[in-house]
file query_20.txt (compact mmCIF, C-alpha atoms)
# COMPACT_ATOMS: atom_id res chain seq x y z
CA MET A 10 -121.04 -26.73 54.41
CA LYS A 11 -121.73 -23.43 56.13
CA ARG A 12 -118.26 -22.17 55.34
CA PHE A 13 -118.70 -23.24 51.72
CA LYS A 14 -121.96 -21.26 51.52
CA THR A 15 -120.28 -18.19 52.97
CA ILE A 16 -117.46 -18.45 50.44
CA VAL A 17 -119.89 -18.78 47.52
CA ARG A 18 -121.86 -15.79 48.80
CA LEU A 19 -118.76 -13.65 49.22
CA LEU A 20 -117.61 -14.61 45.73
CA ALA A 21 -120.99 -13.70 44.24
CA LEU A 22 -120.88 -10.38 46.09
CA LEU A 23 -117.36 -9.70 44.84
CA ILE A 24 -118.29 -10.47 41.23
CA ALA A 25 -121.40 -8.26 41.48
CA GLY A 26 -119.30 -5.47 43.00
CA LEU A 27 -116.68 -5.68 40.26
CA PHE A 28 -119.40 -5.78 37.63
CA PHE A 29 -121.07 -2.63 38.92
CA HIS A 30 -117.72 -0.93 39.38
CA TYR A 31 -116.98 -1.58 35.74
CA VAL A 32 -120.36 -0.68 34.29
CA LEU A 33 -121.66 2.23 36.41
CA PRO A 34 -120.58 5.78 35.56
CA GLN A 35 -117.76 7.43 37.48
CA HIS A 36 -116.46 10.96 37.43
CA ASP A 37 -112.86 12.12 37.15
CA VAL A 38 -111.58 15.67 37.48
CA VAL A 39 -109.07 16.17 34.67
CA ARG A 40 -107.37 18.58 32.34
CA VAL A 41 -107.54 17.34 28.78
CA THR A 42 -104.09 17.52 27.26
CA SER A 43 -104.65 16.04 23.81
CA THR A 44 -106.72 13.74 21.69
CA GLU A 45 -105.49 11.11 19.30
CA ILE A 46 -106.52 8.20 17.16
CA ILE A 47 -104.56 4.97 17.22
CA ARG A 48 -105.01 1.75 15.35
CA THR A 49 -105.81 -1.17 17.65
CA ASP A 50 -105.48 -4.89 17.04
CA PHE A 51 -107.79 -6.61 19.45
CA SER A 52 -106.81 -9.85 21.08
CA ALA A 53 -109.11 -12.56 22.36
CA TYR A 54 -108.87 -11.39 25.95
CA ASN A 55 -109.16 -7.64 25.59
CA ARG A 56 -111.83 -7.71 22.89
CA ILE A 57 -114.74 -7.77 25.36
CA PHE A 58 -113.48 -4.55 26.93
CA TYR A 59 -114.11 -2.67 23.69
CA ALA A 60 -117.33 -1.67 22.01
CA GLN A 61 -118.78 -3.26 18.88
CA ALA A 62 -117.96 -1.86 15.48
CA ASP A 63 -120.20 1.08 14.51
CA SER A 64 -123.62 -0.10 13.44
CA GLY A 65 -123.59 -0.84 9.74
CA ALA A 66 -119.84 -1.40 9.70
CA SER A 67 -118.36 -4.88 9.59
CA GLU A 68 -116.50 -6.39 12.53
CA GLN A 69 -112.76 -6.46 11.82
CA PRO A 70 -109.88 -7.64 14.02
CA THR A 71 -108.39 -4.19 13.73
CA ARG A 72 -109.78 -0.67 13.71
CA ASP A 73 -109.12 2.91 14.71
CA LEU A 74 -109.74 3.97 18.28
CA ARG A 75 -110.29 7.50 19.56
CA LEU A 76 -108.35 8.33 22.70
CA ILE A 77 -108.49 11.29 25.06
CA ASN A 78 -105.27 11.97 26.97
CA THR A 79 -105.65 13.78 30.26
CA GLN A 80 -103.91 14.87 33.41
CA LYS A 81 -106.09 13.58 36.22
CA GLN A 82 -106.59 14.63 39.82
CA LYS A 83 -105.98 11.47 41.82
CA THR A 84 -108.49 10.29 44.40
CA PHE A 85 -109.06 7.78 47.16
CA LEU A 86 -112.10 5.58 47.75
CA LEU A 87 -113.70 5.36 44.30
CA GLY A 88 -113.28 9.07 43.73
CA PHE A 89 -114.89 10.26 46.94
CA LEU A 90 -111.73 11.64 48.58
CA PRO A 91 -109.53 13.97 46.55
CA ARG A 92 -105.76 13.55 46.74
CA GLU A 93 -103.05 16.14 46.42
CA SER A 94 -101.42 14.56 43.40
CA GLU A 95 -101.97 14.21 39.70
CA GLY A 96 -101.39 11.46 37.20
CA VAL A 97 -102.06 10.73 33.59
CA MET A 98 -105.20 8.98 32.48
CA VAL A 99 -106.19 7.91 28.99
CA TYR A 100 -109.79 7.34 27.98
CA ARG A 101 -111.10 5.67 24.89
CA ASN A 102 -114.04 7.28 23.17
CA GLU A 103 -116.33 4.77 21.51
CA ASP A 104 -120.03 4.52 20.74
CA THR A 105 -121.75 2.02 23.00
CA GLY A 106 -124.67 1.61 20.62
CA TRP A 107 -128.05 0.27 21.60
CA ILE A 108 -127.16 -2.84 23.55
CA TRP A 109 -124.39 -3.00 26.11
CA PRO A 110 -123.49 -1.23 28.32
CA PRO A 111 -126.77 0.71 28.13
CA TYR A 112 -125.33 4.21 27.80
CA PHE A 113 -126.84 4.68 24.31
CA LYS A 114 -123.87 6.77 23.31
CA PHE A 115 -123.71 7.67 19.63
CA ASP A 116 -121.87 10.95 19.78
CA SER A 117 -118.24 9.95 20.11
CA SER A 118 -117.27 12.27 17.26
CA ASP A 119 -118.88 15.21 19.07
CA LEU A 120 -117.24 14.19 22.32
CA GLN A 121 -113.89 14.02 20.56
CA ALA A 122 -114.45 17.54 19.21
CA GLU A 123 -115.32 18.79 22.71
CA ALA A 124 -112.21 17.16 24.13
CA ALA A 125 -110.09 18.66 21.35
CA ASN A 126 -111.53 22.05 22.19
CA LEU A 127 -110.70 21.58 25.88
CA ALA A 128 -107.18 20.46 25.01
CA ARG A 129 -106.44 23.91 23.56
CA GLY A 130 -106.74 25.57 26.97
CA ASP A 131 -105.85 24.67 30.53
CA GLU A 132 -109.38 24.32 31.89
CA TRP A 133 -110.50 21.76 34.45
CA ALA A 134 -113.18 19.38 33.35
CA VAL A 135 -115.16 16.43 34.71
CA VAL A 136 -115.06 13.32 32.57
CA THR A 137 -117.91 10.87 33.06
CA HIS A 138 -116.76 7.40 32.15
CA TYR A 139 -117.18 3.74 32.82
CA GLY A 140 -114.66 0.93 32.70
CA TRP A 141 -111.14 0.35 33.91
CA ARG A 142 -107.67 1.25 32.80
CA ILE A 143 -105.75 -2.02 32.68
CA ARG A 144 -102.31 -1.25 31.35
CA TRP A 145 -100.95 -4.74 30.76
CA ALA A 146 -103.92 -5.58 28.53
CA SER A 147 -104.24 -2.16 26.84
CA ILE A 148 -107.74 -1.59 28.19
CA TYR A 149 -109.14 1.93 28.61
CA PRO A 150 -112.20 3.33 30.34
CA ASN A 151 -114.77 4.68 27.91
CA ALA A 152 -115.56 8.39 28.26
CA VAL A 153 -119.26 9.16 27.85
CA GLY A 154 -119.35 12.86 28.63
CA VAL A 155 -117.22 15.85 29.52
CA ARG A 156 -118.10 19.21 31.08
CA THR A 157 -115.99 22.09 32.28
CA VAL A 158 -115.77 22.97 35.97
CA PRO A 159 -114.34 26.07 37.67
CA GLY A 160 -111.58 24.29 39.58
CA PRO A 161 -110.17 20.94 40.60
CA ASP A 162 -111.94 20.93 44.00
CA VAL A 163 -115.52 20.46 42.80
CA ARG A 164 -117.91 18.30 44.76
CA ILE A 165 -119.47 15.67 42.52
CA ILE A 166 -122.63 13.90 43.66
CA PRO A 167 -123.20 10.66 41.78
CA TRP A 168 -126.97 11.05 41.41
CA PHE A 169 -127.35 8.33 38.86
CA ASN A 170 -125.59 5.75 41.03
CA ILE A 171 -127.61 6.76 44.11
CA PHE A 172 -130.89 6.28 42.26
CA PHE A 173 -129.63 3.13 40.61
CA PHE A 174 -128.80 1.44 43.90
CA ILE A 175 -132.10 2.55 45.47
CA PHE A 176 -133.89 1.07 42.48
CA LEU A 177 -131.82 -2.11 42.65
CA MET A 178 -132.63 -2.57 46.34
CA ALA A 179 -136.34 -2.02 45.68
CA ALA A 180 -136.23 -4.49 42.80
CA VAL A 181 -134.51 -7.14 44.92
CA LEU A 182 -137.06 -6.71 47.74
CA PHE A 183 -139.91 -6.87 45.25
CA ILE A 184 -138.60 -10.05 43.64
CA ARG A 185 -138.19 -11.59 47.09
CA ALA A 186 -141.79 -10.68 47.98
CA MET A 187 -142.96 -12.16 44.68
CA TRP A 188 -141.04 -15.35 45.26
CA ARG A 189 -142.44 -15.73 48.79
CA GLN A 190 -145.98 -15.13 47.57
CA PHE A 191 -145.48 -17.67 44.80
CA ARG A 192 -144.17 -20.26 47.26
CA GLU A 193 -146.86 -19.62 49.82
CA ARG A 194 -149.77 -19.69 47.38
CA SER A 195 -148.63 -22.06 44.64
CA VAL A 196 -145.71 -24.29 45.61
CA ASP A 197 -146.49 -25.09 49.24
CA PRO A 198 -150.10 -26.29 48.63
CA LEU A 199 -148.79 -28.50 45.83
CA LEU A 200 -146.04 -29.85 48.05
CA ASP A 201 -148.51 -30.43 50.86
CA ALA A 202 -150.81 -32.32 48.52
CA ALA A 203 -147.89 -34.33 47.18
CA GLY A 204 -146.69 -35.00 50.71
CA GLU A 205 -150.11 -36.27 51.75
CA GLN A 206 -150.27 -38.51 48.72
CA TYR A 207 -146.82 -39.80 49.50
CA ASP A 208 -147.85 -40.53 53.07
CA GLU A 209 -150.88 -42.42 51.84
CA VAL A 210 -148.76 -44.46 49.45
CA GLN A 211 -146.31 -45.21 52.22
CA ALA A 212 -149.10 -46.27 54.53
CA GLY A 213 -150.50 -48.53 51.81
CA VAL A 214 -147.09 -50.09 51.21
CA ALA A 215 -146.62 -50.65 54.93
CA GLU A 216 -150.00 -52.32 55.19
CA ARG A 217 -149.34 -54.59 52.22
CA LYS A 218 -145.93 -55.41 53.59
CA GLY A 219 -147.56 -56.23 56.87
CA ARG A 220 -149.93 -58.60 55.11
CA LEU A 221 -147.12 -60.19 53.12
CA SER A 222 -144.91 -60.72 56.12
CA ARG A 223 -147.82 -62.10 58.10
CA TRP A 224 -148.46 -64.57 55.29
CA LEU A 225 -144.77 -65.43 55.14
CA GLY A 226 -144.89 -65.86 58.87
CA THR A 227 -147.39 -68.69 58.48
CA TRP A 228 -144.69 -70.66 56.62
CA ARG A 229 -142.04 -70.08 59.20
CA ALA A 230 -141.41 -72.65 61.77
CA LYS A 231 -143.32 -72.00 64.96
CA ASP A 232 -141.48 -71.73 68.22
CA LYS A 233 -140.33 -75.12 69.08
CA ARG A 234 -141.00 -75.49 72.61
CA MET B 17 -129.53 -3.79 13.80
CA GLY B 18 -128.79 -3.13 17.45
CA PHE B 19 -131.95 -1.09 17.76
CA ILE B 20 -134.11 -3.95 16.48
CA LYS B 21 -132.39 -6.33 18.89
CA LEU B 22 -133.06 -3.94 21.77
CA VAL B 23 -136.73 -3.57 20.84
CA VAL B 24 -137.35 -7.29 20.36
CA PHE B 25 -135.52 -8.57 23.42
CA GLY B 26 -136.62 -5.62 25.52
CA PHE B 27 -140.22 -6.38 24.63
CA ILE B 28 -139.79 -10.06 25.52
CA GLY B 29 -138.15 -9.21 28.84
CA LEU B 30 -140.74 -6.59 29.75
CA THR B 31 -143.55 -9.00 28.88
CA VAL B 32 -142.12 -11.56 31.29
CA ILE B 33 -141.96 -8.85 33.98
CA TYR B 34 -145.48 -7.67 33.14
CA PHE B 35 -146.99 -11.11 33.57
CA SER B 36 -145.08 -11.87 36.78
CA VAL B 37 -146.13 -8.57 38.31
CA SER B 38 -149.78 -8.95 37.35
CA LEU B 39 -149.86 -12.53 38.68
CA TYR B 40 -148.26 -11.33 41.92
CA SER B 41 -150.69 -8.44 42.29
CA ARG B 42 -153.66 -10.73 41.68
CA SER B 43 -152.40 -13.28 44.17
CA VAL B 44 -151.86 -10.66 46.87
CA ARG B 45 -155.33 -9.25 46.30
CA LYS B 46 -156.91 -12.70 46.49
CA GLU B 47 -155.10 -13.54 49.70
CA ARG B 48 -156.25 -10.27 51.26
CA LEU B 49 -159.86 -10.96 50.26
CA GLU B 50 -159.69 -14.42 51.81
CA ASP B 51 -158.21 -13.01 55.00
CA THR B 52 -160.91 -10.32 55.23
CA PHE B 53 -163.62 -12.90 54.82
CA ASP B 54 -162.12 -15.19 57.43
CA GLU B 55 -161.90 -12.29 59.88
CA GLU B 56 -165.52 -11.31 59.36
CA HIS B 57 -166.79 -14.89 59.46
CA PRO B 58 -164.85 -16.77 62.12
CA ASP B 59 -167.36 -19.66 61.82
CA GLY B 60 -166.57 -20.09 58.10
CA GLY B 61 -169.79 -18.57 56.72
CA ALA B 62 -172.42 -20.26 54.60
CA PRO B 63 -171.20 -22.80 52.03
CA GLY B 64 -170.13 -21.05 48.83
CA GLU B 65 -170.23 -17.65 50.49
CA ARG B 66 -166.46 -17.40 50.73
CA ASP B 67 -165.95 -18.25 47.06
CA ALA B 68 -168.61 -15.73 46.02
CA PHE B 69 -166.99 -13.03 48.16
CA VAL B 70 -163.55 -13.69 46.64
CA THR B 71 -164.95 -13.81 43.08
CA ASP B 72 -166.76 -10.49 43.59
CA GLY B 73 -163.63 -8.94 45.04
CA MET B 74 -161.51 -10.11 42.12
CA GLN B 75 -164.09 -8.75 39.68
CA ALA B 76 -163.90 -5.37 41.39
CA TYR B 77 -160.09 -5.56 41.21
CA ASN B 78 -160.17 -6.36 37.49
CA ASN B 79 -162.42 -3.35 36.85
CA SER B 80 -160.30 -0.98 38.93
CA ILE B 81 -157.36 1.03 37.63
CA ARG B 82 -154.70 -0.96 39.48
CA PRO B 83 -154.23 -3.79 36.94
CA LYS B 84 -153.99 -1.18 34.18
CA LEU B 85 -151.22 0.59 36.06
CA ILE B 86 -149.04 -2.50 35.61
CA GLY B 87 -148.84 -1.43 31.96
CA LEU B 88 -146.35 1.17 33.22
CA VAL B 89 -143.86 -1.70 33.14
CA TYR B 90 -143.67 -1.01 29.40
CA VAL B 91 -143.85 2.77 29.58
CA VAL B 92 -141.28 3.58 32.26
CA PRO B 93 -138.25 1.77 30.72
CA THR B 94 -139.05 3.31 27.33
CA VAL B 95 -139.15 6.78 28.85
CA VAL B 96 -135.95 6.12 30.81
CA ILE B 97 -134.13 4.92 27.68
CA ALA B 98 -135.35 7.93 25.73
CA ALA B 99 -134.16 10.22 28.53
CA ILE B 100 -130.74 8.53 28.63
CA VAL B 101 -130.38 8.77 24.83
CA TYR B 102 -131.20 12.46 25.01
CA THR B 103 -128.97 13.40 27.95
CA ILE B 104 -125.97 11.42 26.70
CA ASN B 105 -126.10 12.64 23.13
CA ALA B 106 -127.42 16.20 23.50
CA ASN B 107 -124.80 18.83 22.97
call {"tool": "encode", "arguments": {"input": "query_20.txt", "output": "structure tokens"}}
result
Amino acid sequence: MKRFKTIVRLLALLIAGLFFHYVLPQHDVVRVTSTEIIRTDFSAYNRIFYAQADSGASEQPTRDLRLINTQKQKTFLLGFLPRESEGVMVYRNEDTGWIWPPYFKFDSSDLQAEAANLARGDEWAVVTHYGWRIRWASIYPNAVGVRTVPGPDVRIIPWFNIFFFIFLMAAVLFIRAMWRQFRERSVDPLLDAAGEQYDEVQAGVAERKGRLSRWLGTWRAKDKR
Amino acid sequence: MGFIKLVVFGFIGLTVIYFSVSLYSRSVRKERLEDTFDEEHPDGGAPGERDAFVTDGMQAYNNSIRPKLIGLVYVVPTVVIAAIVYTINAN
């Protein structure tokens, strides 16, 4: 049972970790090489990795998708340690709209224009994005912002993520405190009262049973001695 | 359409949070009042005195600014969303 609990907890932790790794913003140091628009036919299993159709437009199984092609500085450890090699990375560039994930991005055309501008030169830039590149399912991370930097060895501090996790921790502690207060003040007194009532009922049943068995006892044969 | 969905469901969610937080805050305040009274009156005090003390304390709490501050539950997320919309989409 204890091992089962540990496994469930680890699994929940893993799912939460993957979820946050997908949704929270990350930063890549890149050189934008080109931009393009391809037509995509979504399938049932990669559909959820793309945004909704633009608001006002109808949802079709196929639509155009903006892509940003880059040459990316590779990193270790979620981008914290730079590596001495480069690789290609392709980002999609879609509006997230008002709902999910809550980036409230509506400027994908502007972002595409910025990326196209960067693609003319050989400047280094930081792309803020969320999501994963999964090649076998044709899934791309979504770029939400791009800014130029002087060189490939910039230090990026993920302020948003720092504050987000501080807030998350505070929220979890607060909910725990609320739950404890609720139990202490509302559930436990009820349970105590219910427990007392239950005890009383049990005592009553025992007494009645005692009476019944005593009465039955009068019918039983006495010790034959 | 998405905006309306966000406003409606956001409002519902924030209302749930608002009521849980205000219930929690009230409960904590009440517990503290009871504890203070018990500390000051180890013998239990006169009959009805404890209830009167707690009622007075809760009245004072209701008139103070603290329960109004819980209204920030609605304000802060709105401001944060506005800030995100601006920083993401500003050129």
call {"tool": "interface_residues", "arguments": {"input": "query_20.txt", "of": "chain A", "to": "chain B", "cutoff": "6 Å", "atoms": "all atoms listed in the file", "output": "number ranges by chain"}}
result
A: 107, 113, 116
call {"tool": "atom_distance", "arguments": {"input": "query_20.txt", "atom1": "atom CA of Trp141 of chain A", "atom2": "atom CA of Phe58 of chain A"}}
result
8.8 Å
call {"tool": "residues_around", "arguments": {"input": "query_20.txt", "residues": "Ala152 of chain A", "least_positions_apart": "4", "cutoff": "9 Å", "atoms": "all atoms listed in the file", "output": "list in words"}}
result
Ile77, Tyr100, Arg101, Asn102, Glu103, Ser117, Leu120, Val136, Thr137, His138, Tyr139 and Gly140 of chain A
call {"tool": "residues_near_point", "arguments": {"input": "query_20.txt", "point": "(-96.9, 10.1, 34.0)", "cutoff": "12 Å", "atoms": "only C-alpha atoms", "output": "number ranges by chain"}}
result
A: 78-81, 94-99
call {"tool": "atom_distance", "arguments": {"input": "query_20.txt", "atom1": "atom CA of Leu88 of chain B", "atom2": "atom CA of Phe115 of chain A"}}
result
27.2 Å
call {"tool": "atom_distance", "arguments": {"input": "query_20.txt", "atom1": "atom CA of Pro91 of chain A", "atom2": "atom CA of Asp162 of chain A"}}
result
7.8 Å
call {"tool": "residues_near_point", "arguments": {"input": "query_20.txt", "point": "(-149.2, -14.3, 45.8)", "cutoff": "12 Å", "atoms": "all atoms listed in the file", "output": "VMD selection string"}}
result
(chain A and resid 183 to 197) or (chain B and resid 36 to 48)
call {"tool": "closest_residue", "arguments": {"input": "query_20.txt", "among": "A:Ala25, A:Ile165, A:Leu74, A:Val39", "to": "Leu127 of chain A", "atoms": "only C-alpha atoms"}}
result
A:Val39
call {"tool": "axis_aligned_box", "arguments": {"input": "query_20.txt", "around": "segment 44-56 of chain B", "padding_each_side": "3 Å", "output": "JSON"}}
result
{"center_x": -158.7, "center_y": -12.2, "center_z": 53.1, "size_x": 19.7, "size_y": 11.9, "size_z": 19.6}
call {"tool": "residues_around", "arguments": {"input": "query_20.txt", "residues": "Gly87 of chain B", "least_positions_apart": "3", "cutoff": "12 Å", "atoms": "only C-alpha atoms", "output": "PyMOL selection string"}}
result
chain B and resi 30-31+33-35+37-38+81-84+90-94
